[in-house]
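Below: one structure, written as structure tokens.
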Amino acid sequence: MTVLTERPAPTPDENAPAAAGQLRLVVAGSVDDGKSTLVGRLLHDTKSILADQYDALEHVSRNRGADGFDLALLTDGLRAEREQGITIDVAYRYFATPRRSFVLADTPGHVQYTRNTVTGASTADAAVILVDVRNGVSVQTRRHAAVMSLLRVPHVVFAVNKMDAVEWDQARFDEVVADVRRVAKRVGLDQIEVVPVSALTGEGVAAPGPDWVEGPTLLSLLEQLPARRSLTDEALRFAVQLVLRPRTDDHPDYRGLAGRVGSGTVRVGDEVVAQPSGLRSTVAAIDGPRGEQAEATAGQSVTLRLADELDVARGEVLSSAQDQAGVVRVIEGVLCWLSEDAGRDRQRVLVKVGTRVTRGLIGPVEERWHVDDQRWDRDAAPLELNDIGRVTIQLADPVAVDGYAQHRHTGGFLVIDPDSGVTLAAGMAGGHLGEPQLMI
Amino acid sequence: MTATTDAPDVTGLSPTLADLEAEAIEIIREVVAEFDRPALLFSGGKDSAVLLHLARKAVWPAPLPITLLHVDTGHNLPEVLRFRDQVVADGNLRIEVAHVEEWIADGRLKERPDGTRNPLQTVPLLDTIAAQKFDALLGGARRDEDRARAKERIFSVRDAFGGWDPRRQRPELWNIYNGRHAPGEHTRVFPISNWTELDIWAYIEAENVPLPDIYYAHERDVFLRDGMLLTPGPWGGPRDGETLERKTVRYRTVGDGSCTGAVESDASDVRTVIAEITVSRLTERGATRADDRLSEAAMEDRKREGYF
């Protein structure tokens, strides 16, 4: 019988601070570190699994001869994943506590799927990297830490899992913490948190662990993290997506530049510069989703009307006149190679920066990040799947671009195969990993 | 489904909802800018109603430069079709309707023994995409609906057969979307991927998005089949042993009448619907979609064949 039955709504904690907005979270970790179990645990303990999902889970677990619920089966939804007991592709999960809602990118641990970790990390406000307390830091831990650092995920939490398997041995945990901190330092992650958990039993996740554990549970920590790095105080960056010219009876002369504010704040009356063209004007009006507004801040999708009729089209970036993006014909940066086809010397590609696509020619690899010994090395071999290397790319047309370290929104770019359209690499202009920033 | 609890800002939207709206508008604008012949899949259901609302905002004050596309199984509830036609007429929109019955009539499709036509939508959909040369299809699928949909990219390139291969999905980085594809392929785009059922309803409330009235409690003759309350219609029923009963119900999803069930409910407006979903112990698909119960990976299998 399909009847909706009563479930008590979660009771907000009276003493909790005001709700903190949505947090986009990426969870990474080596195969068998218990990542799917942790994600299942977070969904379970926040009461985000509903009765029909339980029924399905119980049915499948029983079919597979499992003892009770196998939380991992909840997240591994694809046939091949269930058959092999591994996670193949990024899955997005939604859960909420009374304080905050979460979008969780559950990324695979196998080396060949590192590109999906990059996918999950590029939009994340925070990362959780799992480490199996019995094995300690692995190659994948180092790789994932490097990816989070490279992509500048604002907050990185290491969850030391399977603490129940070592009977919550504090000395063992402290050893792992020391190793984790060394790894983090090598890749340039300055601020990290380390939390002991057992995804299997739930201790340390939403429920408290033993007395010796200082600090909050994983879930409580995630509830407290600042949602977005505040981008509103930064310089304005507004990539033009679309020029709206309705030419209708109601709006015969309307000409608006539609886009999303990448960073900063734009107000009516502000002087802006379109890049790379260099044309200047002032903002005459801002049309938002609910009518005109006096200002727009980072993250808002709006349409700007300028005081002058400029030839500004898709692909241009509007910057604040006082603090402009760089305009370059050569991008120097770091590539994460994401394709099974290795890069070739002088490969012809398309480069997509913001809303601009231009042709590019990849130069020789200058340095490569060695995951095992965690350092940059002179190594000119072509980039292969999951390699991280520093290159320069010659461009057919000038583009407006920032150093990724300063502007995550205007410093990242795609390298695309012009024939198949496949995304070959994630690019970060400038680039920094455990050493001082190189400016473009 | 759990509640989003952040407080509303001056616009009446919570920060989470305002952010989801801005993200959806950005994605729709990318489609309008980068594709030659985009279409928007519009079934008259709540997700496509919200998607259409967002698409019109994305290009305001310009008229929507996107054709609507509906695959009509012939088993849709009349209230939903009336709503669809009303929206098209009021908004001066273009719509392309592919009728599954035409494919059955000329032998390109065969009626299934179980009578459901939901899986039959795939062929008419792909044929229409090819005939109309649509290069991008905007859809209102959400990742919280199903395990297989949880794996979907926002921009999802489909091969010439419309097939989805989860192992070969492109990485999707930042908010830089790559819709480039080879001739014959097309891109499916899901601007409301990151919304939950509750987000959809909160947005419907905040923005007064009109919906077919079957989403709200009303009296209806229904019969019980496989644990679901179905309406009598061209899909047959009640059969022997199934009895018609008058109940107060509403629909949580709309779709093919043979496999979409109603739920008993007194929720007669948006506010009471939100209250009901907040405490519901069933997902919307688990509650009302028989086609997803066909196998453990029903949605994945249909998506691989080109289903939406």
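In the structure tokens, each chain is lettered A, B, ... as it comes, each chain's residues begin at 1, and ligands are numbered from 1 in order of appearance.
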
Could you make a table, as JSON lines, of the residues of chain B that have an atom within 6 Å of an atom of chain A, each with its nearest atom pair and distance in Å to one decimal, counting only C-alpha atoms, in chain and number order?
{"residue": "B:Met1", "atom": "CA", "partner": "A:Ser48", "partner_atom": "CA", "distance": 5.8}
{"residue": "B:Thr2", "atom": "CA", "partner": "A:Ala96", "partner_atom": "CA", "distance": 5.7}
{"residue": "B:Thr4", "atom": "CA", "partner": "A:Ser101", "partner_atom": "CA", "distance": 5.8}
{"residue": "B:Asp6", "atom": "CA", "partner": "A:Ala19", "partner_atom": "CA", "distance": 5.1}
{"residue": "B:Thr16", "atom": "CA", "partner": "A:Gln22", "partner_atom": "CA", "distance": 5.7}
{"residue": "B:Ala22", "atom": "CA", "partner": "A:Ser301", "partner_atom": "CA", "distance": 4.8}
{"residue": "B:Ala33", "atom": "CA", "partner": "A:Leu242", "partner_atom": "CA", "distance": 6.0}
{"residue": "B:Ala62", "atom": "CA", "partner": "A:Pro246", "partner_atom": "CA", "distance": 4.2}
{"residue": "B:Arg147", "atom": "CA", "partner": "A:Gly77", "partner_atom": "CA", "distance": 4.8}
{"residue": "B:Ala148", "atom": "CA", "partner": "A:Gly77", "partner_atom": "CA", "distance": 5.8}
{"residue": "B:Ala150", "atom": "CA", "partner": "A:Ala91", "partner_atom": "CA", "distance": 5.0}
{"residue": "B:Lys151", "atom": "CA", "partner": "A:Ala91", "partner_atom": "CA", "distance": 4.3}
{"residue": "B:Pro171", "atom": "CA", "partner": "A:Thr119", "partner_atom": "CA", "distance": 5.4}
{"residue": "B:Glu172", "atom": "CA", "partner": "A:Thr119", "partner_atom": "CA", "distance": 5.2}
{"residue": "B:Leu173", "atom": "CA", "partner": "A:Thr119", "partner_atom": "CA", "distance": 5.2}
{"residue": "B:Trp174", "atom": "CA", "partner": "A:Ser122", "partner_atom": "CA", "distance": 4.9}
{"residue": "B:Arg180", "atom": "CA", "partner": "A:Gly421", "partner_atom": "CA", "distance": 4.7}
{"residue": "B:His181", "atom": "CA", "partner": "A:Gly421", "partner_atom": "CA", "distance": 5.1}
{"residue": "B:Ala182", "atom": "CA", "partner": "A:Ser420", "partner_atom": "CA", "distance": 5.7}
{"residue": "B:Gly227", "atom": "CA", "partner": "A:Met1", "partner_atom": "CA", "distance": 4.9}
{"residue": "B:Met228", "atom": "CA", "partner": "A:Thr2", "partner_atom": "CA", "distance": 5.9}
{"residue": "B:Val263", "atom": "CA", "partner": "A:Thr2", "partner_atom": "CA", "distance": 5.9}
{"residue": "B:Glu264", "atom": "CA", "partner": "A:Val3", "partner_atom": "CA", "distance": 5.8}
{"residue": "B:Val279", "atom": "CA", "partner": "A:Arg7", "partner_atom": "CA", "distance": 4.9}
{"residue": "B:Ser280", "atom": "CA", "partner": "A:Leu4", "partner_atom": "CA", "distance": 5.5}
{"residue": "B:Arg281", "atom": "CA", "partner": "A:Leu50", "partner_atom": "CA", "distance": 4.9}
{"residue": "B:Leu282", "atom": "CA", "partner": "A:Leu50", "partner_atom": "CA", "distance": 5.2}
{"residue": "B:Gly286", "atom": "CA", "partner": "A:Asp52", "partner_atom": "CA", "distance": 5.7}

Which parts of region 86-302 of chain B does DSSP call alpha helix (DSSP H) when run on the backbone here, written out as a VMD selection string? chain B and resid 86 to 90 100 to 105 122 to 132 197 to 207 270 to 279 284 to 288 298 to 302

Find the residues near Val266 (chain A): any atom within 10 Å, counting only C-alpha atoms, skip ones fewer than 4 places away on the same chain, and give them as a ChimeraX atom specification. /A:232,235-238,261,270-272,283,286,294-298,304,318-320

Which one of A:Arg134, A:Ala206, A:Ala171, A:Ala184 sits closest to Val156 (chain A) if you count only C-alpha atoms?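 Using only C-alpha atoms, Val156 (chain A) sits closest to A:Ala184.
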
Would you list the contacts of region 46-54 of chain B as an mmCIF file with all heavy atoms, in the first residue's frame, taking every protein, DNA or RNA residue within 6 Å and counting only C-alpha atoms, but skipping same-chain residues closer than 3 positions in sequence?
data_model
loop_
_atom_site.group_PDB
_atom_site.id
_atom_site.type_symbol
_atom_site.label_atom_id
_atom_site.label_comp_id
_atom_site.auth_asym_id
_atom_site.auth_seq_id
_atom_site.Cartn_x
_atom_site.Cartn_y
_atom_site.Cartn_z
ATOM 1 N N PHE B 42 9.714 18.496 -22.285
ATOM 2 C CA PHE B 42 8.641 19.034 -21.448
ATOM 3 C C PHE B 42 7.497 18.036 -21.400
ATOM 4 O O PHE B 42 6.824 17.788 -22.398
ATOM 5 C CB PHE B 42 8.156 20.369 -22.020
ATOM 6 C CG PHE B 42 7.138 21.051 -21.152
ATOM 7 C CD1 PHE B 42 7.524 21.665 -19.974
ATOM 8 C CD2 PHE B 42 5.798 21.056 -21.504
ATOM 9 C CE1 PHE B 42 6.589 22.286 -19.153
ATOM 10 C CE2 PHE B 42 4.851 21.670 -20.688
ATOM 11 C CZ PHE B 42 5.244 22.296 -19.517
ATOM 12 N N LYS B 57 13.574 32.539 -17.620
ATOM 13 C CA LYS B 57 14.340 33.535 -16.859
ATOM 14 C C LYS B 57 15.732 33.729 -17.469
ATOM 15 O O LYS B 57 16.257 34.840 -17.496
ATOM 16 C CB LYS B 57 14.523 33.066 -15.410
ATOM 17 C CG LYS B 57 13.397 33.426 -14.487
ATOM 18 C CD LYS B 57 13.794 33.030 -13.064
ATOM 19 C CE LYS B 57 12.624 33.159 -12.105
ATOM 20 N NZ LYS B 57 12.262 34.546 -11.798
ATOM 21 N N GLY B 140 14.828 17.698 -17.225
ATOM 22 C CA GLY B 140 14.646 18.006 -15.808
ATOM 23 C C GLY B 140 15.016 16.856 -14.885
ATOM 24 O O GLY B 140 14.529 16.795 -13.764
#

Which residues come within 8 Å of Arg252 (chain B), counting only C-alpha atoms, excluding same-chain residues fewer than 4 positions away, as a list in words?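 Neighbouring residues, sequence-local ones excluded: Tyr215, Ala262, Val263, Glu284 and Thr288 of chain B.
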
Polymer residues at most 12 Å from Gly241 (chain B), only C-alpha atoms, same-chain spacing of 6 or more positions, as a list in words: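 With the cut-off at 12 Å, the set is Phe223, Leu224 and Arg225 of chain B.
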
Could you work out how far CA of Gln121 (chain B) lies from CA of Arg158 (chain B), giving the answer in Å with one decimal?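 Here the two named atoms are 16.4 Å from each other.
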
Selection near Trp337 (chain A), 10 Å with only C-alpha atoms, sequence-local residues under 3 positions removed, as a list in words: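 Final neighbour list, sorted by chain and number: Thr114, Arg115, Val334, Glu340, Asp341, Ala342, Gly343, Pro382, Leu383, Glu384, Leu385, Asn386, Asp387, Ile388, Gly389, Val415, Thr423, Leu424, Ala425, Ala426 and Gly427 of chain A.
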
Go ahead and dump the residues you just picked, C-alpha atoms, as an mmCIF file, in the first residue's frame.
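Heads up, here's the output in out_24.cif:
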data_model
loop_
_atom_site.group_PDB
_atom_site.id
_atom_site.type_symbol
_atom_site.label_atom_id
_atom_site.label_comp_id
_atom_site.auth_asym_id
_atom_site.auth_seq_id
_atom_site.Cartn_x
_atom_site.Cartn_y
_atom_site.Cartn_z
ATOM 1 C CA THR A 114 41.622 9.657 -10.801
ATOM 2 C CA ARG A 115 40.115 11.940 -13.424
ATOM 3 C CA VAL A 334 49.733 22.882 -14.792
ATOM 4 C CA GLU A 340 43.646 7.492 -22.053
ATOM 5 C CA ASP A 341 45.417 8.863 -25.128
ATOM 6 C CA ALA A 342 48.759 10.286 -24.032
ATOM 7 C CA GLY A 343 49.571 13.862 -24.965
ATOM 8 C CA PRO A 382 54.485 13.241 -22.815
ATOM 9 C CA LEU A 383 51.724 13.371 -20.246
ATOM 10 C CA GLU A 384 49.752 10.176 -19.800
ATOM 11 C CA LEU A 385 46.466 9.476 -18.043
ATOM 12 C CA ASN A 386 46.472 10.969 -14.511
ATOM 13 C CA ASP A 387 49.860 12.681 -14.965
ATOM 14 C CA ILE A 388 50.332 16.166 -13.599
ATOM 15 C CA GLY A 389 52.772 18.339 -15.549
ATOM 16 C CA VAL A 415 42.070 21.280 -22.981
ATOM 17 C CA THR A 423 38.173 16.793 -22.599
ATOM 18 C CA LEU A 424 41.874 15.875 -22.555
ATOM 19 C CA ALA A 425 43.090 17.796 -19.535
ATOM 20 C CA ALA A 426 42.179 20.134 -16.713
ATOM 21 C CA GLY A 427 44.414 23.177 -16.745
#

Could you pull out the strand (DSSP E or B) residues of region 166-367 of chain A, going by DSSP on the backbone, and write them as number ranges by chain? A: 192-196, 203, 207, 237-244, 256-263, 265-267, 271-275, 280-288, 291-293, 295-297, 301-306, 317-320, 323, 326-337, 348-353, 356-362, 367

As an exercise, work out the distance from CA of Ala207 (chain A) to CA of Ser30 (chain A) in Å and give it to one decimal place. 23.8 Å

Here CA of Glu145 (chain B) and CA of Leu41 (chain B) stand apart by 16.9 Å
